[in-house]
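Shown below: work.txt, with compact mmCIF, C-alpha atoms.
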# COMPACT_ATOMS: atom_id res chain seq x y z
CA MET K 1 -10.72 -13.70 -11.84
CA ARG K 2 -9.06 -15.34 -8.88
CA VAL K 3 -7.47 -12.66 -6.71
CA LEU K 4 -5.03 -13.22 -3.87
CA GLY K 5 -4.90 -10.43 -1.31
CA ILE K 6 -1.79 -10.04 0.83
CA ILE K 7 -1.55 -7.73 3.84
CA PRO K 8 2.12 -7.43 4.88
CA ALA K 9 2.36 -6.68 8.60
CA ARG K 10 5.85 -7.00 10.02
CA GLY K 11 6.10 -6.89 13.80
CA GLY K 12 9.14 -4.63 14.04
CA SER K 13 9.27 -0.93 13.19
CA LYS K 14 11.79 1.75 14.07
CA GLY K 15 9.77 4.88 13.26
CA VAL K 16 6.62 3.83 15.14
CA PRO K 17 7.09 0.72 17.31
CA SER K 18 4.43 -1.98 16.69
CA LYS K 19 2.73 0.42 14.29
CA ASN K 20 0.64 -2.21 12.53
CA ILE K 21 -1.35 -2.82 15.71
CA ILE K 22 -1.09 0.56 17.37
CA LYS K 23 -4.55 1.76 18.33
CA ILE K 24 -5.98 4.70 16.42
CA ASN K 25 -9.30 5.96 17.73
CA GLY K 26 -9.56 2.78 19.76
CA LYS K 27 -9.00 0.32 16.89
CA PRO K 28 -5.76 -1.46 15.87
CA LEU K 29 -4.35 0.02 12.68
CA ILE K 30 -4.41 -3.26 10.75
CA GLN K 31 -8.11 -3.68 11.46
CA TYR K 32 -8.96 -0.73 9.20
CA THR K 33 -7.55 -2.67 6.25
CA LEU K 34 -9.21 -5.92 7.34
CA ASP K 35 -12.58 -4.18 7.69
CA THR K 36 -12.23 -2.70 4.20
CA VAL K 37 -11.44 -6.11 2.76
CA THR K 38 -14.54 -7.52 4.43
CA GLY K 39 -16.64 -5.01 2.52
CA SER K 40 -15.17 -5.96 -0.87
CA ARG K 41 -17.37 -8.02 -3.20
CA LEU K 42 -14.53 -9.28 -5.39
CA LEU K 43 -11.64 -9.98 -3.00
CA LYS K 44 -12.26 -13.06 -0.88
CA ASP K 45 -8.89 -14.75 -0.30
CA VAL K 46 -6.81 -12.46 1.89
CA PHE K 47 -3.89 -13.42 4.11
CA VAL K 48 -1.95 -11.38 6.64
CA SER K 49 1.76 -12.18 6.40
CA THR K 50 3.52 -11.46 9.69
CA ASP K 51 6.39 -12.60 11.88
CA SER K 52 4.66 -11.31 15.02
CA ASP K 53 2.77 -13.69 17.32
CA GLU K 54 0.91 -10.69 18.69
CA ILE K 55 -0.35 -9.73 15.24
CA LEU K 56 -1.20 -13.36 14.46
CA GLU K 57 -3.31 -13.58 17.61
CA LEU K 58 -5.06 -10.27 16.94
CA VAL K 59 -5.90 -11.05 13.31
CA ASN K 60 -7.12 -14.55 14.11
CA LYS K 61 -9.28 -13.15 16.89
CA ILE K 62 -11.09 -10.80 14.53
CA GLY K 63 -11.55 -13.49 11.91
CA GLY K 64 -8.69 -12.85 9.48
CA LYS K 65 -6.47 -15.48 7.85
CA THR K 66 -2.76 -15.46 8.67
CA LEU K 67 0.54 -16.89 7.50
CA LYS K 68 3.61 -16.90 9.74
CA ARG K 69 6.46 -15.10 8.01
CA SER K 70 10.04 -16.30 8.20
CA SER K 71 12.55 -14.19 10.13
CA LYS K 72 14.68 -13.65 7.01
CA ASN K 73 11.75 -11.84 5.37
CA ALA K 74 10.95 -9.75 8.44
CA THR K 75 13.94 -7.41 8.67
CA ASP K 76 14.19 -3.70 7.92
CA THR K 77 15.76 -4.53 4.57
CA SER K 78 13.47 -7.38 3.54
CA SER K 79 11.88 -7.07 0.11
CA VAL K 80 8.11 -7.17 -0.19
CA ASN K 81 8.63 -9.20 -3.35
CA ASP K 82 10.30 -11.93 -1.28
CA VAL K 83 7.37 -11.78 1.14
CA ILE K 84 4.98 -12.38 -1.75
CA HIS K 85 7.03 -15.35 -2.97
CA GLU K 86 6.93 -16.83 0.52
CA VAL K 87 3.14 -16.49 0.65
CA LEU K 88 2.77 -18.13 -2.77
CA LYS K 89 4.86 -21.11 -1.64
CA LYS K 90 2.62 -21.64 1.38
CA ILE K 91 -0.70 -21.48 -0.47
CA ASP K 92 -1.69 -24.51 -2.49
CA LYS K 93 -3.98 -22.64 -4.87
CA SER K 94 -3.62 -20.78 -8.16
CA TYR K 95 -4.53 -17.14 -8.72
CA ASP K 96 -4.76 -14.73 -11.63
CA ILE K 97 -4.00 -11.51 -9.73
CA ILE K 98 -1.99 -10.57 -6.65
CA MET K 99 -3.18 -7.55 -4.66
CA LEU K 100 -1.01 -5.99 -1.95
CA LEU K 101 -2.75 -3.92 0.74
CA GLN K 102 -0.42 -2.15 3.16
CA PRO K 103 -1.96 -1.63 6.61
CA THR K 104 0.14 1.52 7.03
CA ALA K 105 -1.84 3.15 4.20
CA PRO K 106 -5.31 2.51 5.65
CA ILE K 107 -7.48 5.00 3.77
CA ARG K 108 -9.25 3.03 1.07
CA GLU K 109 -12.82 1.93 0.47
CA PRO K 110 -14.11 -1.54 -0.48
CA SER K 111 -15.13 0.03 -3.79
CA ASP K 112 -11.49 0.99 -4.44
CA ILE K 113 -10.45 -2.65 -4.12
CA ASP K 114 -13.25 -3.77 -6.42
CA ASN K 115 -12.56 -1.01 -8.94
CA VAL K 116 -8.91 -2.05 -9.23
CA ILE K 117 -9.86 -5.70 -9.74
CA LYS K 118 -12.31 -4.69 -12.48
CA MET K 119 -9.50 -2.84 -14.28
CA PHE K 120 -7.93 -6.20 -15.10
CA GLN K 121 -10.90 -7.04 -17.31
CA ASP K 122 -8.92 -5.00 -19.83
CA LYS K 123 -6.36 -7.46 -21.21
CA GLU K 124 -3.90 -4.59 -21.72
CA VAL K 125 -3.69 -3.96 -17.98
CA THR K 126 -0.76 -5.82 -16.42
CA SER K 127 -0.29 -3.99 -13.14
CA VAL K 128 -2.13 -1.25 -11.24
CA VAL K 129 -0.81 1.21 -8.66
CA SER K 130 -3.00 3.55 -6.63
CA VAL K 131 -1.87 7.18 -6.79
CA VAL K 132 -2.98 10.66 -5.81
CA GLU K 133 -2.47 13.81 -7.83
CA LEU K 134 -0.17 16.33 -6.19
CA ASP K 135 -0.97 20.01 -6.33
CA ASP K 136 1.62 22.40 -4.96
CA ILE K 137 3.75 19.50 -3.69
CA HIS K 138 5.36 19.27 -7.09
CA PRO K 139 8.88 18.59 -8.44
CA ALA K 140 8.84 22.19 -9.71
CA ARG K 141 8.93 23.27 -6.04
CA MET K 142 11.68 20.85 -5.03
CA TYR K 143 15.45 21.11 -4.82
CA SER K 144 18.54 19.02 -4.33
CA LEU K 145 21.53 20.29 -2.35
CA CYS K 146 25.03 20.68 -3.72
CA ASN K 147 27.75 22.41 -1.68
CA ASN K 148 25.01 23.92 0.48
CA ARG K 149 23.32 25.44 -2.57
CA LEU K 150 19.76 24.79 -3.69
CA LEU K 151 19.50 23.24 -7.14
CA PRO K 152 15.98 23.09 -8.62
CA LEU K 153 14.93 19.63 -9.77
CA VAL K 154 13.02 21.10 -12.71
CA PRO K 155 14.62 24.49 -13.45
CA GLU K 156 12.35 25.25 -16.40
CA ASP K 157 9.24 24.93 -14.22
CA MET K 158 10.31 26.59 -10.99
CA GLU K 159 8.56 29.92 -11.73
CA LYS K 160 5.41 28.50 -13.29
CA ARG K 161 2.07 28.96 -11.60
CA ARG K 162 0.54 25.83 -10.09
CA GLN K 163 -2.22 25.96 -12.69
CA ASP K 164 0.37 25.81 -15.49
CA LEU K 165 2.27 22.79 -14.22
CA GLU K 166 1.81 19.35 -15.71
CA PRO K 167 0.06 17.07 -13.19
CA VAL K 168 2.25 14.66 -11.29
CA TYR K 169 1.15 11.64 -9.26
CA LEU K 170 2.42 9.99 -6.09
CA ARG K 171 1.98 6.39 -4.99
CA ASN K 172 -0.23 6.55 -1.90
CA GLY K 173 0.56 2.97 -0.84
CA ALA K 174 -3.08 1.89 -0.58
CA ILE K 175 -3.30 -0.66 -3.41
CA TYR K 176 -0.83 -2.52 -5.61
CA ALA K 177 -2.02 -5.23 -8.00
CA ILE K 178 -0.40 -7.30 -10.72
CA ARG K 179 -1.18 -10.30 -12.89
CA MET K 180 0.39 -13.46 -11.52
CA GLU K 181 2.33 -14.23 -14.68
CA ALA K 182 3.76 -10.70 -14.74
CA PHE K 183 4.89 -10.94 -11.13
CA LYS K 184 6.64 -14.24 -11.81
CA GLU K 185 8.26 -12.85 -14.96
CA HIS K 186 9.51 -9.56 -13.49
CA ASP K 187 9.84 -10.61 -9.84
CA LYS K 188 8.32 -7.36 -8.61
CA ILE K 189 4.92 -6.01 -7.62
CA ILE K 190 5.52 -2.54 -9.09
CA LEU K 191 6.31 -2.35 -12.80
CA PRO K 192 7.89 0.77 -14.37
CA GLU K 193 4.83 1.56 -16.47
CA GLY K 194 1.88 0.42 -14.41
CA THR K 195 -1.70 1.56 -14.90
CA PRO K 196 -2.78 4.24 -12.39
CA TYR K 197 -5.79 4.03 -10.15
CA ILE K 198 -6.25 7.67 -9.20
CA MET K 199 -7.63 8.30 -5.72
CA PRO K 200 -8.57 11.62 -4.04
CA GLN K 201 -5.74 13.41 -2.28
CA ASP K 202 -7.49 12.97 1.08
CA GLN K 203 -6.86 9.23 0.66
CA TRP K 204 -3.12 9.81 1.00
CA LEU K 205 -1.85 8.69 4.39
CA ASN K 206 1.25 6.63 5.15
CA ILE K 207 2.08 5.97 8.77
CA ASP K 208 5.85 6.07 9.06
CA ALA K 209 6.47 8.53 11.91
CA PRO K 210 4.79 9.52 15.21
CA ARG K 211 3.31 12.67 13.64
CA ASP K 212 1.45 10.47 11.16
CA ILE K 213 -0.49 8.92 14.05
CA LYS K 214 -1.96 12.32 14.88
CA ILE K 215 -2.98 12.83 11.26
CA ALA K 216 -4.47 9.34 11.14
CA GLU K 217 -6.62 10.03 14.18
CA VAL K 218 -8.33 12.80 12.23
CA PHE K 219 -8.64 11.01 8.88
CA LEU K 220 -9.80 7.72 10.36
CA LYS K 221 -12.18 9.11 12.96
CA LYS K 222 -15.25 8.31 10.87
CA GLU K 223 -14.03 4.73 10.37
CA ALA K 224 -13.55 3.81 14.04
Show the structure stored in the file as structure tokens.
Amino acid sequence: MRVLGIIPARGGSKGVPSKNIIKINGKPLIQYTLDTVTGSRLLKDVFVSTDSDEILELVNKIGGKTLKRSSKNATDTSSVNDVIHEVLKKIDKSYDIIMLLQPTAPIREPSDIDNVIKMFQDKEVTSVVSVVELDDIHPARMYSLCNNRLLPLVPEDMEKRRQDLEPVYLRNGAIYAIRMEAFKEHDKIILPEGTPYIMPQDQWLNIDAPRDIKIAEVFLKKEA
């Protein structure tokens, strides 16, 4: 199978400025994803899509392939699906599968990438999303607010023990993959009923706020 890997790395960020290249344990954040890709046996064509000259220079320096992103697809409200379309227009090559690897969710192994690609050997698999199982962080423990009153999201489960709750899963942002024809048909990387690739809960890290940098320093220490 021909697999296209895309690493979306916009230059701007409000929560953590320049977060895609911020150094964690002495290494730029995006390099953790690039190093993981290097270890994959099945993913060979990988491009970093970015609007940032600084990111372009860094990725090229460490041997990665880059594509300059247009300014219209590099805003806070830009859709990742539009970013993928832009990449496809710039690459004169056909692929069977698109794989999206967010640098802000850096905890994944080369084997995770290869395992997801192997899942597409099953013809019934159209799209795959990496997830982690949540334990006590569960909808049964969550509320909405109405007139300053707490309203349980799942009233019938709010007093159940954790052991008695049905498992729920959260996208951890590490890997998204979809067949090319499905992406073109639905115009989205995440389908409503994708196939899960379940990862350990300690592989759940999304860097969106300054506190996440502190957490990342601990989780990524062994990778630096």
Contacts between region 214-223 of chain K and region 77-187 of chain K, please, where a residue of region 77-187 of chain K counts if it comes within 10 Å (with all atoms listed in the file); show its shortest atom pair and distance in Å to one decimal, rows by chain and ascending number, as CSV.
residue,atom,partner,partner_atom,distance
K:Thr104,CA,K:Ala216,CA,10.0
K:Ala105,CA,K:Ala216,CA,9.7
K:Pro106,CA,K:Leu220,CA,8.3
K:Ile107,CA,K:Leu220,CA,7.5
Each region 57-168 of chain K residue no farther than 10 Å from region 13-33 of chain K, nearest pair in Å, all atoms listed in the file, as JSON lines:
{"residue": "K:Leu58", "atom": "CA", "partner": "K:Ile21", "partner_atom": "CA", "distance": 8.4}
{"residue": "K:Val59", "atom": "CA", "partner": "K:Gln31", "partner_atom": "CA", "distance": 7.9}
{"residue": "K:Ile62", "atom": "CA", "partner": "K:Gln31", "partner_atom": "CA", "distance": 8.3}
{"residue": "K:Gly64", "atom": "CA", "partner": "K:Gln31", "partner_atom": "CA", "distance": 9.4}
{"residue": "K:Thr75", "atom": "CA", "partner": "K:Ser13", "partner_atom": "CA", "distance": 9.2}
{"residue": "K:Asp76", "atom": "CA", "partner": "K:Ser13", "partner_atom": "CA", "distance": 7.7}
{"residue": "K:Leu101", "atom": "CA", "partner": "K:Thr33", "partner_atom": "CA", "distance": 7.4}
{"residue": "K:Gln102", "atom": "CA", "partner": "K:Thr33", "partner_atom": "CA", "distance": 7.8}
{"residue": "K:Pro103", "atom": "CA", "partner": "K:Ile30", "partner_atom": "CA", "distance": 5.1}
{"residue": "K:Thr104", "atom": "CA", "partner": "K:Asn20", "partner_atom": "CA", "distance": 6.7}
{"residue": "K:Ala105", "atom": "CA", "partner": "K:Thr33", "partner_atom": "CA", "distance": 8.4}
{"residue": "K:Pro106", "atom": "CA", "partner": "K:Thr33", "partner_atom": "CA", "distance": 5.7}
{"residue": "K:Ile107", "atom": "CA", "partner": "K:Tyr32", "partner_atom": "CA", "distance": 8.0}
{"residue": "K:Arg108", "atom": "CA", "partner": "K:Thr33", "partner_atom": "CA", "distance": 7.9}
{"residue": "K:Glu109", "atom": "CA", "partner": "K:Thr33", "partner_atom": "CA", "distance": 9.1}
{"residue": "K:Pro110", "atom": "CA", "partner": "K:Thr33", "partner_atom": "CA", "distance": 9.5}
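In this comparison, which uses all atoms listed in the file, the residue of K:Leu134, K:Met158, K:Ile190, K:Leu100 approaching Gln203 (chain K) most closely is K:Leu134.
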| request: Could you tell me which of K:Ser144, K:Asp45, K:Asp187, K:Arg162 comes closest to Lys93 (chain K) if we count all atoms listed in the file? | output: K:Asp45
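Proximity to Val129 (chain K) was assessed for K:Tyr143, K:Tyr197, K:Tyr169, K:Tyr95 counting all atoms listed in the file; the smallest distance is recorded for K:Tyr197.
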| task | Figure out the distance between CA of Lys188 (chain K) and CA of Asp114 (chain K), please, to one decimal in Å. | result | 22.0 Å
| request: Find the distance between CA of Met99 (chain K) and CA of Arg10 (chain K) and write it in Å to one decimal. | output: 17.2 Å
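If you count all atoms listed in the file and draw a sphere of 6 Å around (8.4, -11.8, 3.1), the protein and nucleic acid residues inside it come out as K:Asn73, K:Val80, K:Asp82, K:Val83, K:Ile84, K:Glu86.
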